[in-house]
Each structure stands twice: as structure tokens, then as C-alpha cells.
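Below is start_31.cif, holding mmCIF, C-alpha atoms.
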data_structure
loop_
_atom_site.label_atom_id
_atom_site.label_comp_id
_atom_site.auth_asym_id
_atom_site.auth_seq_id
_atom_site.Cartn_x
_atom_site.Cartn_y
_atom_site.Cartn_z
CA MET A 1 -80.35 -63.10 74.48
CA THR A 2 -76.68 -63.77 73.82
CA ALA A 3 -77.42 -67.32 72.69
CA VAL A 4 -80.12 -66.14 70.30
CA VAL A 5 -77.82 -63.51 68.73
CA SER A 6 -74.94 -65.97 68.40
CA GLU A 7 -77.18 -68.48 66.62
CA ARG A 8 -78.68 -65.88 64.30
CA GLY A 9 -75.29 -64.81 62.94
CA PRO A 10 -74.27 -68.28 61.68
CA ARG A 11 -77.78 -68.91 60.32
CA THR A 12 -77.68 -65.66 58.35
CA THR A 13 -74.27 -66.49 56.93
CA THR A 14 -75.33 -70.04 56.02
CA SER A 15 -78.48 -68.94 54.22
CA LEU A 16 -76.66 -66.14 52.38
CA VAL A 17 -73.98 -68.56 51.18
CA ALA A 18 -76.66 -71.05 50.13
CA LEU A 19 -78.48 -68.41 48.06
CA TYR A 20 -75.17 -67.31 46.55
CA ARG A 21 -74.42 -70.87 45.44
CA VAL A 22 -77.92 -71.34 44.02
CA LEU A 23 -77.65 -68.18 41.92
CA LEU A 24 -74.19 -69.10 40.66
CA ARG A 25 -75.34 -72.58 39.68
CA THR A 26 -78.61 -71.60 38.00
CA GLN A 27 -77.91 -68.22 36.42
CA ILE A 28 -74.19 -68.01 35.61
CA THR A 29 -74.15 -70.08 32.42
CA VAL A 30 -71.23 -71.26 30.32
CA ALA A 31 -72.47 -69.24 27.33
CA ARG A 32 -72.48 -66.02 29.35
CA LEU A 33 -69.04 -66.73 30.77
CA LEU A 34 -67.59 -67.43 27.33
CA SER A 35 -69.07 -64.24 25.88
CA ILE A 36 -67.53 -62.15 28.65
CA ALA A 37 -64.21 -63.98 28.30
CA ALA A 38 -64.21 -63.23 24.56
CA LEU A 39 -64.67 -59.53 25.27
CA GLY A 40 -61.81 -59.73 27.75
CA VAL A 41 -59.51 -61.37 25.19
CA LEU A 42 -60.31 -58.52 22.80
CA SER A 43 -59.05 -56.01 25.38
CA VAL A 44 -55.71 -57.85 25.55
CA LEU A 45 -55.45 -57.77 21.75
CA LEU A 46 -56.14 -54.04 21.77
CA GLY A 47 -53.42 -53.66 24.36
CA ALA A 48 -50.96 -55.49 22.13
CA ILE A 49 -51.82 -53.13 19.27
CA SER A 50 -51.25 -50.14 21.59
CA ARG A 51 -47.66 -51.24 22.08
CA ALA A 52 -46.84 -49.95 18.59
CA ASP A 53 -48.12 -46.45 19.43
CA ASP A 54 -45.66 -43.59 19.88
CA GLU A 55 -47.00 -43.19 23.44
CA PRO A 56 -47.89 -46.73 24.54
CA THR A 57 -48.72 -45.71 28.11
CA GLN A 58 -51.33 -43.20 27.00
CA ALA A 59 -52.60 -45.57 24.31
CA ALA A 60 -53.02 -48.35 26.89
CA ALA A 61 -54.94 -45.98 29.19
CA ASP A 62 -57.17 -44.97 26.27
CA VAL A 63 -57.99 -48.63 25.59
CA VAL A 64 -58.90 -49.21 29.23
CA ALA A 65 -60.99 -46.03 29.38
CA ALA A 66 -62.83 -46.26 26.07
CA TYR A 67 -63.20 -50.00 25.60
CA GLY A 68 -62.72 -51.38 29.10
CA LEU A 69 -64.70 -48.92 31.21
CA GLY A 70 -67.01 -47.79 28.42
CA VAL A 71 -67.94 -51.16 26.91
CA LEU A 72 -66.46 -54.29 28.50
CA VAL A 73 -67.26 -53.74 32.18
CA PRO A 74 -70.79 -52.32 31.81
CA LEU A 75 -71.93 -54.83 29.18
CA ALA A 76 -70.47 -57.80 31.03
CA THR A 77 -72.15 -56.70 34.24
CA LEU A 78 -75.39 -55.96 32.41
CA SER A 79 -75.61 -59.46 30.94
CA LEU A 80 -75.28 -61.11 34.35
CA GLY A 81 -76.67 -58.52 36.76
CA THR A 82 -80.07 -58.10 35.12
CA SER A 83 -80.55 -61.83 34.68
CA VAL A 84 -79.39 -63.17 38.02
CA ILE A 85 -82.79 -62.43 39.61
CA GLY A 86 -84.60 -61.09 36.56
CA ASP A 87 -84.64 -64.51 34.89
CA LEU A 88 -86.19 -66.01 38.00
CA VAL A 89 -88.95 -63.41 37.79
CA GLU A 90 -89.53 -64.01 34.06
CA ASP A 91 -89.57 -67.80 34.52
CA ARG A 92 -91.87 -67.51 37.56
CA VAL A 93 -89.64 -69.63 39.76
CA LEU A 94 -88.72 -66.87 42.21
CA VAL A 95 -91.59 -68.04 44.43
CA TYR A 96 -89.53 -71.05 45.53
CA LEU A 97 -86.86 -68.75 46.97
CA TRP A 98 -89.48 -66.32 48.26
CA LEU A 99 -91.02 -69.04 50.43
CA LYS A 100 -87.75 -69.82 52.18
CA PRO A 101 -87.62 -68.45 55.76
CA VAL A 102 -84.76 -66.00 55.21
CA ALA A 103 -84.54 -62.22 55.49
CA ARG A 104 -85.62 -60.44 52.30
CA TRP A 105 -82.34 -58.55 51.98
CA GLN A 106 -80.38 -61.75 51.50
CA LEU A 107 -81.42 -62.68 47.97
CA PRO A 108 -80.49 -59.27 46.49
CA ALA A 109 -77.24 -59.38 48.48
CA ALA A 110 -76.46 -62.87 47.16
CA ALA A 111 -77.25 -61.68 43.62
CA VAL A 112 -74.83 -58.76 43.96
CA LEU A 113 -72.11 -61.01 45.38
CA ALA A 114 -72.61 -63.70 42.72
CA THR A 115 -72.54 -61.25 39.84
CA PHE A 116 -69.59 -59.28 41.15
CA SER A 117 -67.50 -62.37 41.96
CA VAL A 118 -67.79 -63.46 38.32
CA VAL A 119 -67.65 -60.13 36.48
CA ALA A 120 -64.79 -58.54 38.41
CA PRO A 121 -62.06 -61.08 37.58
CA LEU A 122 -63.30 -61.61 34.01
CA THR A 123 -63.01 -57.88 33.26
CA ALA A 124 -60.43 -56.40 35.62
CA LEU A 125 -57.74 -59.02 34.97
CA PRO A 126 -57.87 -58.78 31.14
CA LEU A 127 -57.78 -54.97 31.33
CA ALA A 128 -54.74 -55.07 33.61
CA ALA A 129 -53.17 -57.60 31.22
CA SER A 130 -53.88 -55.32 28.26
CA ALA A 131 -51.83 -52.57 29.92
CA VAL A 132 -49.00 -55.00 30.64
CA VAL A 133 -48.79 -56.29 27.06
CA ALA A 134 -48.85 -52.69 25.83
CA GLY A 135 -45.70 -52.07 27.83
CA ALA A 136 -47.53 -49.81 30.28
CA GLY A 137 -47.11 -51.66 33.54
CA ASP A 138 -47.74 -48.48 35.52
CA VAL A 139 -51.30 -48.41 34.14
CA ALA A 140 -52.09 -52.02 35.07
CA LEU A 141 -52.82 -51.50 38.78
CA ALA A 142 -54.96 -48.42 38.15
CA ALA A 143 -56.83 -50.27 35.39
CA PHE A 144 -57.48 -53.22 37.70
CA ALA A 145 -58.79 -50.98 40.51
CA ALA A 146 -60.93 -48.88 38.17
CA ALA A 147 -62.50 -51.91 36.50
CA THR A 148 -63.12 -53.70 39.80
CA LEU A 149 -64.92 -50.76 41.40
CA ALA A 150 -66.83 -50.00 38.21
CA ALA A 151 -67.99 -53.63 38.12
CA LEU A 152 -69.11 -53.33 41.74
CA ALA A 153 -71.16 -50.17 41.06
CA TYR A 154 -72.72 -51.53 37.86
CA THR A 155 -73.57 -54.78 39.66
CA GLY A 156 -75.67 -52.97 42.24
CA LEU A 157 -77.46 -50.95 39.56
CA PHE A 158 -78.20 -53.85 37.21
CA VAL A 159 -79.30 -56.29 39.92
CA ALA A 160 -81.80 -53.62 41.01
CA ALA A 161 -82.87 -53.08 37.39
CA GLY A 162 -83.52 -56.82 37.03
CA LEU A 163 -86.09 -56.58 39.82
CA TRP A 164 -87.64 -53.22 38.95
CA PHE A 165 -88.03 -53.52 35.17
CA ARG A 166 -89.27 -56.09 32.73
CA ARG A 167 -86.85 -56.56 29.83
CA ALA A 168 -84.26 -54.92 32.08
CA VAL A 169 -81.42 -55.81 29.74
CA TRP A 170 -82.80 -53.42 27.11
CA TRP A 171 -83.21 -50.61 29.62
CA GLY A 172 -79.69 -51.30 30.83
CA LEU A 173 -78.31 -51.29 27.32
CA ALA A 174 -79.92 -47.91 26.65
CA PHE A 175 -78.43 -46.63 29.91
CA VAL A 176 -74.92 -47.80 28.99
CA LEU A 177 -74.97 -46.61 25.38
CA LEU A 178 -76.85 -43.34 25.79
CA TRP A 179 -76.18 -42.08 29.29
CA GLU A 180 -72.73 -43.48 30.03
CA ASN A 181 -71.28 -43.06 26.53
CA VAL A 182 -73.18 -40.18 24.90
CA VAL A 183 -74.80 -37.86 27.42
CA ALA A 184 -71.76 -38.00 29.69
CA TYR A 185 -69.69 -36.40 26.93
CA SER A 186 -72.24 -34.00 25.49
CA ALA A 187 -74.13 -32.61 28.52
CA GLU A 188 -72.18 -30.40 30.86
CA GLY A 189 -72.05 -31.79 34.39
CA ALA A 190 -73.63 -35.12 33.44
CA ALA A 191 -70.37 -37.05 33.84
CA ARG A 192 -70.45 -36.68 37.62
CA PHE A 193 -73.56 -38.88 37.60
CA THR A 194 -71.97 -41.71 35.61
CA VAL A 195 -70.14 -44.77 36.84
CA SER A 196 -67.65 -44.59 34.00
CA ALA A 197 -66.42 -41.10 34.85
CA TRP A 198 -65.71 -41.99 38.47
CA ALA A 199 -63.91 -45.14 37.39
CA ARG A 200 -61.80 -43.08 34.99
CA ALA A 201 -60.77 -40.86 37.89
CA ILE A 202 -59.16 -43.94 39.43
CA LEU A 203 -57.52 -44.81 36.11
CA GLU A 204 -55.99 -41.34 36.00
CA THR A 205 -54.00 -42.10 39.14
CA ALA A 206 -51.57 -43.89 36.81
CA PRO A 207 -48.59 -41.63 36.04
CA GLU A 208 -48.51 -39.65 32.79
CA VAL A 209 -52.00 -40.48 31.54
CA ASP A 210 -54.94 -38.24 30.76
CA VAL A 211 -58.31 -39.77 29.90
CA PRO A 212 -61.59 -38.02 29.00
CA LEU A 213 -64.01 -37.49 31.91
CA GLY A 214 -61.37 -38.55 34.41
CA GLN A 215 -60.68 -35.14 35.90
CA ARG A 216 -62.21 -35.60 39.35
CA SER A 217 -61.15 -36.79 42.77
CA ALA A 218 -59.88 -40.35 42.81
CA ALA A 219 -60.29 -40.45 46.60
CA ALA A 220 -63.96 -39.59 46.17
CA ALA A 221 -64.29 -42.28 43.50
CA PHE A 222 -63.25 -44.94 46.02
CA VAL A 223 -66.26 -43.86 48.10
CA VAL A 224 -68.79 -43.08 45.36
CA LEU A 225 -68.56 -46.36 43.45
CA PRO A 226 -69.12 -48.66 46.45
CA ALA A 227 -71.91 -46.30 47.57
CA VAL A 228 -73.63 -46.78 44.20
CA ALA A 229 -73.43 -50.55 44.67
CA VAL A 230 -74.97 -50.31 48.15
CA ALA A 231 -77.72 -48.02 46.83
CA GLY A 232 -78.50 -50.54 44.10
CA TRP A 233 -78.69 -53.36 46.65
CA LEU A 234 -81.04 -51.30 48.84
CA LEU A 235 -83.29 -50.52 45.88
CA ALA A 236 -83.34 -54.20 44.93
CA THR A 237 -84.19 -55.17 48.50
CA MET A 238 -86.99 -52.59 48.62
CA ARG A 239 -88.50 -53.96 45.42
CA TYR A 240 -88.12 -57.59 46.51
CA ARG A 241 -89.90 -56.90 49.80
CA ARG A 242 -92.86 -55.29 48.01
CA ALA A 243 -93.03 -57.59 45.00
CA ASP A 244 -96.03 -59.77 44.20
CA ILE A 245 -94.49 -63.20 43.69
CA ASP A 246 -96.43 -65.77 41.69
#
Please render this file's structure as C-alpha cells.
Amino acid sequence: MTAVVSERGPRTTTSLVALYRVLLRTQITVARLLSIAALGVLSVLLGAISRADDEPTQAAADVVAAYGLGVLVPLATLSLGTSVIGDLVEDRVLVYLWLKPVARWQLPAAAVLATFSVVAPLTALPLAASAVVAGAGDVALAAFAAATLAALAYTGLFVAAGLWFRRAVWWGLAFVLLWENVVAYSAEGAARFTVSAWARAILETAPEVDVPLGQRSAAAAFVVLPAVAVAGWLLATMRYRRADID
């Protein structure tokens, strides 16, 4: 029994890493990376403009909240998360991975890891840099943490969406624009069910900043956002196990 368990662990790790590499190589394209990088550069430019504000610290936090957490992170994650498995479904090549003798949870897990490992640095680092160039170094760490955990949560959601919905990118875009950026502000209590609001709670841990929708427990946010990612992975795994692959 011990020998069987010890062999299964390395095999699981090897197959998970192999799937991760396959998804990175086939789905993470140069065009997508450049588009995300361009959005990241824009955040740094906005940070430079914030330096001229009378309150550069608050202005830098506003850039991170409104542009970074409201636009950059969700759209970057949407473009990769929905496509990393969704494109395989649309192109009808998922069957080749389906036939491999690996546990069904591994492909969704590899998709989450692949998407997150690309999106997190391409969004969190530019947002932290935007705070630094604005002269608000105290905001940089909070911005990095907020963006990283927001990217993790969105990754789980959008990888699941790529398996559950056809044309998932359009459903995801409607979710980001309408729910995360309109309903969250206009409907009382809706913000607690948005990724952006929980990420802003982490951003508000920076001294002397106050951002809209950020008035909730930062400690809870460090639990809620990873939990959303895990829930998304579980939903993706459920769908993958039941899917008809052709």
C-alpha cells in the first residue's frame, strides 16, 4: 500500500506539470501577452499622471481601484481564462487530452495554474509600479496583494466559464462590465458578491486611502478570494467530468 501511494504522488505531479506546460504552450499566445502588457503599461502611465495630483497617495489608490481592479485584472484574466480550455472545446481537440489516463480534476487545475501564473505578474506588478511612480510607495504592496488575489479569484471563475458556456468571453465581459462595475455600485448589498469589492478591501489596508466599495474586512478578503478560485476550479472539474467530448 505504501509503495502504491508513494508512486501515485509523483505520477500525479508529473501529469499535472505536463498538462500545465501543454496549456501554456498552446493557449498563451504572444498576441494575448502583448495586449495584457499594453494594458499594464497604461496603468503605469496613469500612475505617473497621478503624481501631479494634490493627494498623490489617494490618486494612486483610485487608479488601482478603478482601472486596475475594475478593468485591467478582470479583462486580462477573462481573455486567458475563458480560452485556456474553452478554445480546446471550440476547436474540438479537447478529446486528445480527455483520452489521457489522468484524473479529471487535473486539467482544470492546470488551466487555473497556467492562467494565474501569467496574469498575476502581468497585472499585479504594473499596478504596484503605478503606485511607486505616483510617489505612493505605501500603496504599492497593497495594490500588488489586491491585484494578485483578484487575479486568482477571476481565474477560477473564468476557467469554469470557459467549460460551462459557449462564447464564454462574451458572458464574462457582460459579468465584468455589468455586475462588477455597474450593479456593484447601484444595488445595495451587491458589492459583497463581487470580486472587485473584496480586492478593494485589501487595497484599503494602505494607510490614508479610501476607495469605493472597499469598506469590508481585509482579513476576510484573504479568505474569500482564494475560496472563489477553488469554487471555480471545482465547478470546472464538475463540468469536465460530465462533458460529452467529441
| request: To one decimal in Å, tell me the separation between CA of Ser117 in chain A and CA of Ser83 in chain A. | output: 15.0 Å
| request: Check the smallest atom-to-atom distance from each of A:Val71, A:Leu80, A:Leu141, A:Val176 to Gln27 in chain A using all atoms listed in the file, then report the winner. | output: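 Using all atoms listed in the file, Gln27 in chain A sits closest to A:Leu80.
When you apply the PyMOL selection byres ((chain A and resi 72) around 10) to this structure, what comes back is Ile36, Ala37, Leu39, Gly40, Leu42, Ser43, Val64, Ala65, Ala66, Tyr67, Gly68, Leu69, Gly70, Val71, Val73, Pro74, Leu75, Ala76, Thr77, Leu78, Val119, Leu122, Thr123, Ala124, Leu127, Ala147 and Ala151 of chain A.
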| message | Just to confirm, what's the straight-line distance from CA of Ala206 in chain A to CA of Ala220 in chain A in Å (one decimal)? | response | 16.1 Å
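Here CA of Gly47 in chain A is placed at a distance of 9.7 Å from CA of Asp62 in chain A.
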| said: Residues near range 177-189 of chain A, anyone? I mean within 9 Å using all atoms listed in the file, not counting same-chain ones fewer than 5 positions away, as a PyMOL selection string. | reply: chain A and resi 70-71+172+194-197+212-213
Would you translate the PyMOL selection byres ((chain A and resi 48) around 10) into the concrete set of residues it matches in this file, as a compact mmCIF listing (two decimals) with C-alpha atoms, in the coordinates of the input?
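Contents of expr.txt, freshly written:
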# COMPACT_ATOMS: atom_id res chain seq x y z
CA LEU A 42 -60.31 -58.52 22.80
CA SER A 43 -59.05 -56.01 25.38
CA VAL A 44 -55.71 -57.85 25.55
CA LEU A 45 -55.45 -57.77 21.75
CA LEU A 46 -56.14 -54.04 21.77
CA GLY A 47 -53.42 -53.66 24.36
CA ILE A 49 -51.82 -53.13 19.27
CA SER A 50 -51.25 -50.14 21.59
CA ARG A 51 -47.66 -51.24 22.08
CA ALA A 52 -46.84 -49.95 18.59
CA ASP A 53 -48.12 -46.45 19.43
CA PRO A 56 -47.89 -46.73 24.54
CA ALA A 60 -53.02 -48.35 26.89
CA ALA A 129 -53.17 -57.60 31.22
CA SER A 130 -53.88 -55.32 28.26
CA ALA A 131 -51.83 -52.57 29.92
CA VAL A 132 -49.00 -55.00 30.64
CA VAL A 133 -48.79 -56.29 27.06
CA ALA A 134 -48.85 -52.69 25.83
CA GLY A 135 -45.70 -52.07 27.83
| task | Pick out the closest residue to Thr115 in chain A from this set: A:Ala160, A:Leu152, A:Val102, A:Ala145. Count only C-alpha atoms. | result |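 Of the candidates, the smallest distance to Thr115 in chain A is held by A:Leu152.
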Considering all atoms listed in the file, return as a PDB file with C-alpha atoms, keeping the file's coordinate frame whatever protein or nucleic-acid residues lie within 8 Å of Leu107 in chain A, sequence-local ones (same chain, fewer than 4 positions apart) excluded.
ATOM      1  CA  LEU A  16     -76.660 -66.140  52.380  1.00  0.00           C
ATOM      2  CA  LEU A  19     -78.480 -68.410  48.060  1.00  0.00           C
ATOM      3  CA  TYR A  20     -75.170 -67.310  46.550  1.00  0.00           C
ATOM      4  CA  ALA A 111     -77.250 -61.680  43.620  1.00  0.00           C
TER       5      ALA A 111
END
| said: Expand the PyMOL selection byres ((chain A and resi 228) around 9) into the explicit residue set it covers here, and present it as a ChimeraX atom specification. | reply: /A:152-154,156-157,195,223-227,229-233
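With all atoms listed in the file as the atoms that count, the minimum distance from Glu55 in chain A to the choices A:Ala114, A:Val209, A:Val22, A:Ala201 is reached by A:Val209.
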Centre and edge lengths of an axis-aligned box around all listed atoms of range 155-171 of chain A, with 3 Å added on each side, are to be given in Å to one decimal, as lines of an AutoDock Vina configuration file.
center_x = -81.4
center_y = -53.7
center_z = 34.7
size_x = 21.7
size_y = 12.2
size_z = 21.1
| task | Give the answer as one residue: which of A:Leu125, A:Ala120, A:Ala191, A:Ile202 has the shortest atom-to-atom distance to Ala142 in chain A, using all atoms listed in the file? | result |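 The answer is A:Ile202, which sits nearest to Ala142 in chain A.
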| said: Which residues are near Glu208 in chain A? Cut-off 10 Å, all atoms listed in the file, ignore same chain within fewer than 5 positions. Put them as a list of chain:residue names. | reply: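 Near neighbours after the sequence-gap exclusion: A:Thr57, A:Gln58, A:Ala61, A:Asp138, A:Val139.
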| Smallest atom-to-atom distance to Leu23 in chain A: which of A:Ala218, A:Ala136, A:Val84, A:Val211, using only C-alpha atoms? |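 When distances to Leu23 in chain A are compared using only C-alpha atoms, the smallest one comes from A:Val84.
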